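Input: a single structure, listed below in structure tokens.
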Amino acid sequence: MRNKDKIDLYEGDITSLNVDVIINAANNSLLGGGGVDGAIHRMAGPELLKECRTLGGCATGEAKITRGYNLKARYVIHTVGPVWRGGGNMENERLTNCYKHCFELIRQYNLKSAAFPAISTGVYGFPKSLAAKIAIQETRQALDANSKLKKVILTCFNPESKKAYEEALS
Ligand code: ADP
């Protein structure tokens, strides 16, 4: 299978997906928030928050893994994207690091399928087209480096995200 065929775009709620791991766009506390973070915690149930409390938070650009509890996904990787502050504050590097650290955990845990939200592009305000380029670039690199990874789903929760991914893919 060509790596190109291992990347899917999915329009909808990431919490419904039956994959080995879903990625959460969390905040530094890892103690829950709005957006995709809130949706993941609601679907996973209170045990997820309990495990997150043991992790001591997460730095921007880093990632931590937990079980998935009531989700179909076996695991959740919680990563903290940068808040967009105009582009001169290492935002690109930090978002790139989020993807790199997620894919590193995916490799360590021998996971075969993963679904990502458009990290940082909600309340954190990262431009969607730039974020999509970074997501696609890092996904392609990870697929080249890890032959055990067979499927990466990029979820588009709004039409702008979908357009941004389609443009970045072409
Ligand atoms: P951030 O703080 O990193 O910006 P948000 O949760 O505000 O995180 O948004 C990140 C992206 O996730 C946005 O594109 C948002 O539309 C999308 N999103 C929100 N809820 C869901 C969901 N249930 N499934 C998939 N994507 C979602």
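Labels used: A, B, ... for chains in the order of the structure tokens, numbers from 1 for residues in each chain, and numbers from 1 for ligands as shown.
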
Legend entry - Contacts to ligand 1 at 10 Å cut-off (only C-alpha atoms and all ligand atoms) as a PyMOL selection string: chain A and resi 10-17+22-27+33-40+42-43+79-84+95+115-126+128+131+154-162

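Around Ala145 in chain A, within 12 Å and counting only C-alpha atoms, the residues found are Asn3, Lys100, Phe103, Glu104, Ile106, Arg107, Glu138, Thr139, Arg140 and Lys150 of chain A, once anything fewer than 5 positions away on its own chain is removed.
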
Legend entry - Long-range neighbours of Val19 in chain A as a ChimeraX atom specification, 9 Å cut-off, only C-alpha atoms, 5 positions minimum in chain: /A:72-75,112-115,151,153

File of the preceding selection, N, CA and C atoms, as a CSV table (one decimal), in the first residue's frame:
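After the write, selection.csv holds the following:
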chain,number,residue,atom,x,y,z
A,72,LYS,N,-13.9,3.9,21.6
A,72,LYS,CA,-13.6,2.7,20.8
A,72,LYS,C,-12.0,2.6,20.7
A,73,ALA,N,-11.4,3.8,20.7
A,73,ALA,CA,-9.9,3.8,20.7
A,73,ALA,C,-9.3,3.2,22.0
A,74,ARG,N,-8.3,2.4,21.8
A,74,ARG,CA,-7.6,1.8,23.0
A,74,ARG,C,-6.9,2.8,23.8
A,75,TYR,N,-6.3,3.8,23.1
A,75,TYR,CA,-5.5,4.8,23.7
A,75,TYR,C,-5.9,6.3,23.3
A,112,LYS,N,-1.2,0.8,15.0
A,112,LYS,CA,-1.4,0.7,13.6
A,112,LYS,C,-2.3,1.7,12.9
A,113,SER,N,-3.2,2.3,13.8
A,113,SER,CA,-4.1,3.3,13.2
A,113,SER,C,-4.3,4.5,14.2
A,114,ALA,N,-4.4,5.7,13.7
A,114,ALA,CA,-4.5,6.9,14.6
A,114,ALA,C,-5.3,7.9,13.9
A,115,ALA,N,-6.0,8.7,14.7
A,115,ALA,CA,-6.8,9.8,14.2
A,115,ALA,C,-6.5,11.1,15.0
A,151,LYS,N,-2.6,3.4,9.0
A,151,LYS,CA,-3.7,4.4,8.7
A,151,LYS,C,-3.6,5.6,9.6
A,153,ILE,N,-5.9,9.0,10.1
A,153,ILE,CA,-7.1,9.8,9.8
A,153,ILE,C,-7.0,11.2,10.3

Inset, instruction - Mind checking which residues fall within 12 Å of Arg2 in chain A, counting only C-alpha atoms, ignoring those fewer than 3 positions away in the same chain, and posting them as a ChimeraX atom specification? - result: /A:5-7,140,143-144,147,149-151

Legend entry - Test item, strand (DSSP E or B) assignment across chain A, answer as a PyMOL selection string: chain A and resi 7-11+21-25+63-67+75-79+113-116+151-156

Could you turn the residues from that selection into a file that holds N, CA, C and O atoms, as a short mmCIF file (atom, residue, chain, number, x, y, z; two decimals), in the first residue's frame?
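Produced file out04.cif, reproduced below:
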data_model
loop_
_atom_site.label_atom_id
_atom_site.label_comp_id
_atom_site.auth_asym_id
_atom_site.auth_seq_id
_atom_site.Cartn_x
_atom_site.Cartn_y
_atom_site.Cartn_z
N ILE A 7 -3.43 7.84 4.26
CA ILE A 7 -3.96 9.06 4.87
C ILE A 7 -5.41 9.25 4.43
O ILE A 7 -5.70 9.27 3.24
N ASP A 8 -6.32 9.35 5.41
CA ASP A 8 -7.73 9.60 5.11
C ASP A 8 -8.17 10.91 5.75
O ASP A 8 -7.73 11.23 6.86
N LEU A 9 -9.05 11.62 5.08
CA LEU A 9 -9.72 12.76 5.70
C LEU A 9 -11.09 12.28 6.16
O LEU A 9 -11.75 11.52 5.47
N TYR A 10 -11.49 12.70 7.34
CA TYR A 10 -12.79 12.30 7.88
C TYR A 10 -13.52 13.53 8.39
O TYR A 10 -12.98 14.27 9.22
N GLU A 11 -14.72 13.72 7.89
CA GLU A 11 -15.53 14.85 8.35
C GLU A 11 -16.43 14.39 9.46
O GLU A 11 -17.40 13.67 9.22
N VAL A 21 -5.66 4.62 18.37
CA VAL A 21 -5.45 5.80 19.22
C VAL A 21 -6.08 7.02 18.60
O VAL A 21 -6.04 7.20 17.38
N ILE A 22 -6.71 7.85 19.44
CA ILE A 22 -7.09 9.18 18.97
C ILE A 22 -6.24 10.20 19.71
O ILE A 22 -5.82 10.00 20.85
N ILE A 23 -5.97 11.28 19.02
CA ILE A 23 -5.13 12.34 19.59
C ILE A 23 -6.04 13.44 20.12
O ILE A 23 -7.02 13.82 19.48
N ASN A 24 -5.70 13.91 21.30
CA ASN A 24 -6.46 14.99 21.94
C ASN A 24 -5.66 16.28 21.88
O ASN A 24 -4.49 16.30 22.26
N ALA A 25 -6.30 17.37 21.42
CA ALA A 25 -5.70 18.70 21.49
C ALA A 25 -6.04 19.25 22.88
O ALA A 25 -7.08 19.86 23.08
N ALA A 63 3.74 15.37 24.38
CA ALA A 63 2.58 14.48 24.29
C ALA A 63 2.66 13.41 25.38
O ALA A 63 3.75 12.96 25.73
N LYS A 64 1.50 13.02 25.90
CA LYS A 64 1.41 11.95 26.90
C LYS A 64 0.28 11.01 26.53
O LYS A 64 -0.75 11.44 26.03
N ILE A 65 0.46 9.73 26.86
CA ILE A 65 -0.52 8.73 26.44
C ILE A 65 -1.29 8.18 27.65
O ILE A 65 -0.73 8.06 28.75
N THR A 66 -2.58 7.93 27.44
CA THR A 66 -3.41 7.27 28.45
C THR A 66 -4.22 6.18 27.76
O THR A 66 -4.25 6.10 26.53
N ARG A 67 -4.94 5.43 28.57
CA ARG A 67 -5.91 4.50 28.00
C ARG A 67 -7.12 5.26 27.46
O ARG A 67 -7.30 6.44 27.74
N TYR A 75 -6.32 3.84 23.09
CA TYR A 75 -5.48 4.85 23.74
C TYR A 75 -5.89 6.25 23.31
O TYR A 75 -6.49 6.43 22.25
N VAL A 76 -5.51 7.20 24.16
CA VAL A 76 -5.59 8.62 23.80
C VAL A 76 -4.20 9.21 23.98
O VAL A 76 -3.56 8.97 25.02
N ILE A 77 -3.71 9.92 22.98
CA ILE A 77 -2.48 10.70 23.16
C ILE A 77 -2.89 12.16 23.32
O ILE A 77 -3.57 12.72 22.45
N HIS A 78 -2.48 12.73 24.43
CA HIS A 78 -2.82 14.12 24.73
C HIS A 78 -1.62 14.97 24.36
O HIS A 78 -0.51 14.75 24.87
N THR A 79 -1.84 15.92 23.47
CA THR A 79 -0.75 16.82 23.10
C THR A 79 -1.24 18.24 23.26
O THR A 79 -2.44 18.50 23.20
N SER A 113 -3.15 2.34 13.75
CA SER A 113 -4.06 3.35 13.21
C SER A 113 -4.26 4.47 14.22
O SER A 113 -4.31 4.23 15.43
N ALA A 114 -4.37 5.69 13.70
CA ALA A 114 -4.46 6.86 14.56
C ALA A 114 -5.35 7.91 13.91
O ALA A 114 -5.39 8.01 12.68
N ALA A 115 -6.04 8.68 14.74
CA ALA A 115 -6.84 9.80 14.23
C ALA A 115 -6.46 11.08 14.97
O ALA A 115 -6.35 11.09 16.19
N PHE A 116 -6.25 12.13 14.19
CA PHE A 116 -5.85 13.43 14.74
C PHE A 116 -6.94 14.46 14.51
O PHE A 116 -7.53 14.52 13.43
N LYS A 151 -2.65 3.42 8.97
CA LYS A 151 -3.72 4.39 8.68
C LYS A 151 -3.63 5.60 9.60
O LYS A 151 -3.52 5.46 10.82
N VAL A 152 -3.66 6.78 8.99
CA VAL A 152 -3.74 8.02 9.76
C VAL A 152 -4.95 8.80 9.25
O VAL A 152 -5.04 9.12 8.06
N ILE A 153 -5.87 9.05 10.15
CA ILE A 153 -7.08 9.78 9.80
C ILE A 153 -6.95 11.21 10.32
O ILE A 153 -6.67 11.42 11.51
N LEU A 154 -7.14 12.16 9.43
CA LEU A 154 -7.12 13.57 9.83
C LEU A 154 -8.56 14.04 9.84
O LEU A 154 -9.24 14.00 8.81
N THR A 155 -9.06 14.42 11.01
CA THR A 155 -10.47 14.80 11.10
C THR A 155 -10.64 16.28 10.80
O THR A 155 -9.87 17.12 11.25
N CYS A 156 -11.67 16.56 10.01
CA CYS A 156 -12.00 17.94 9.65
C CYS A 156 -13.36 18.21 10.28
O CYS A 156 -14.35 17.62 9.85
#

Inset, instruction - Could you tell me, as a ChimeraX atom specification, which residues of chain A DSSP assigns to alpha helix (DSSP H) when given the backbone? - result: /A:35-44,46-53,91-108,128-145,159-169
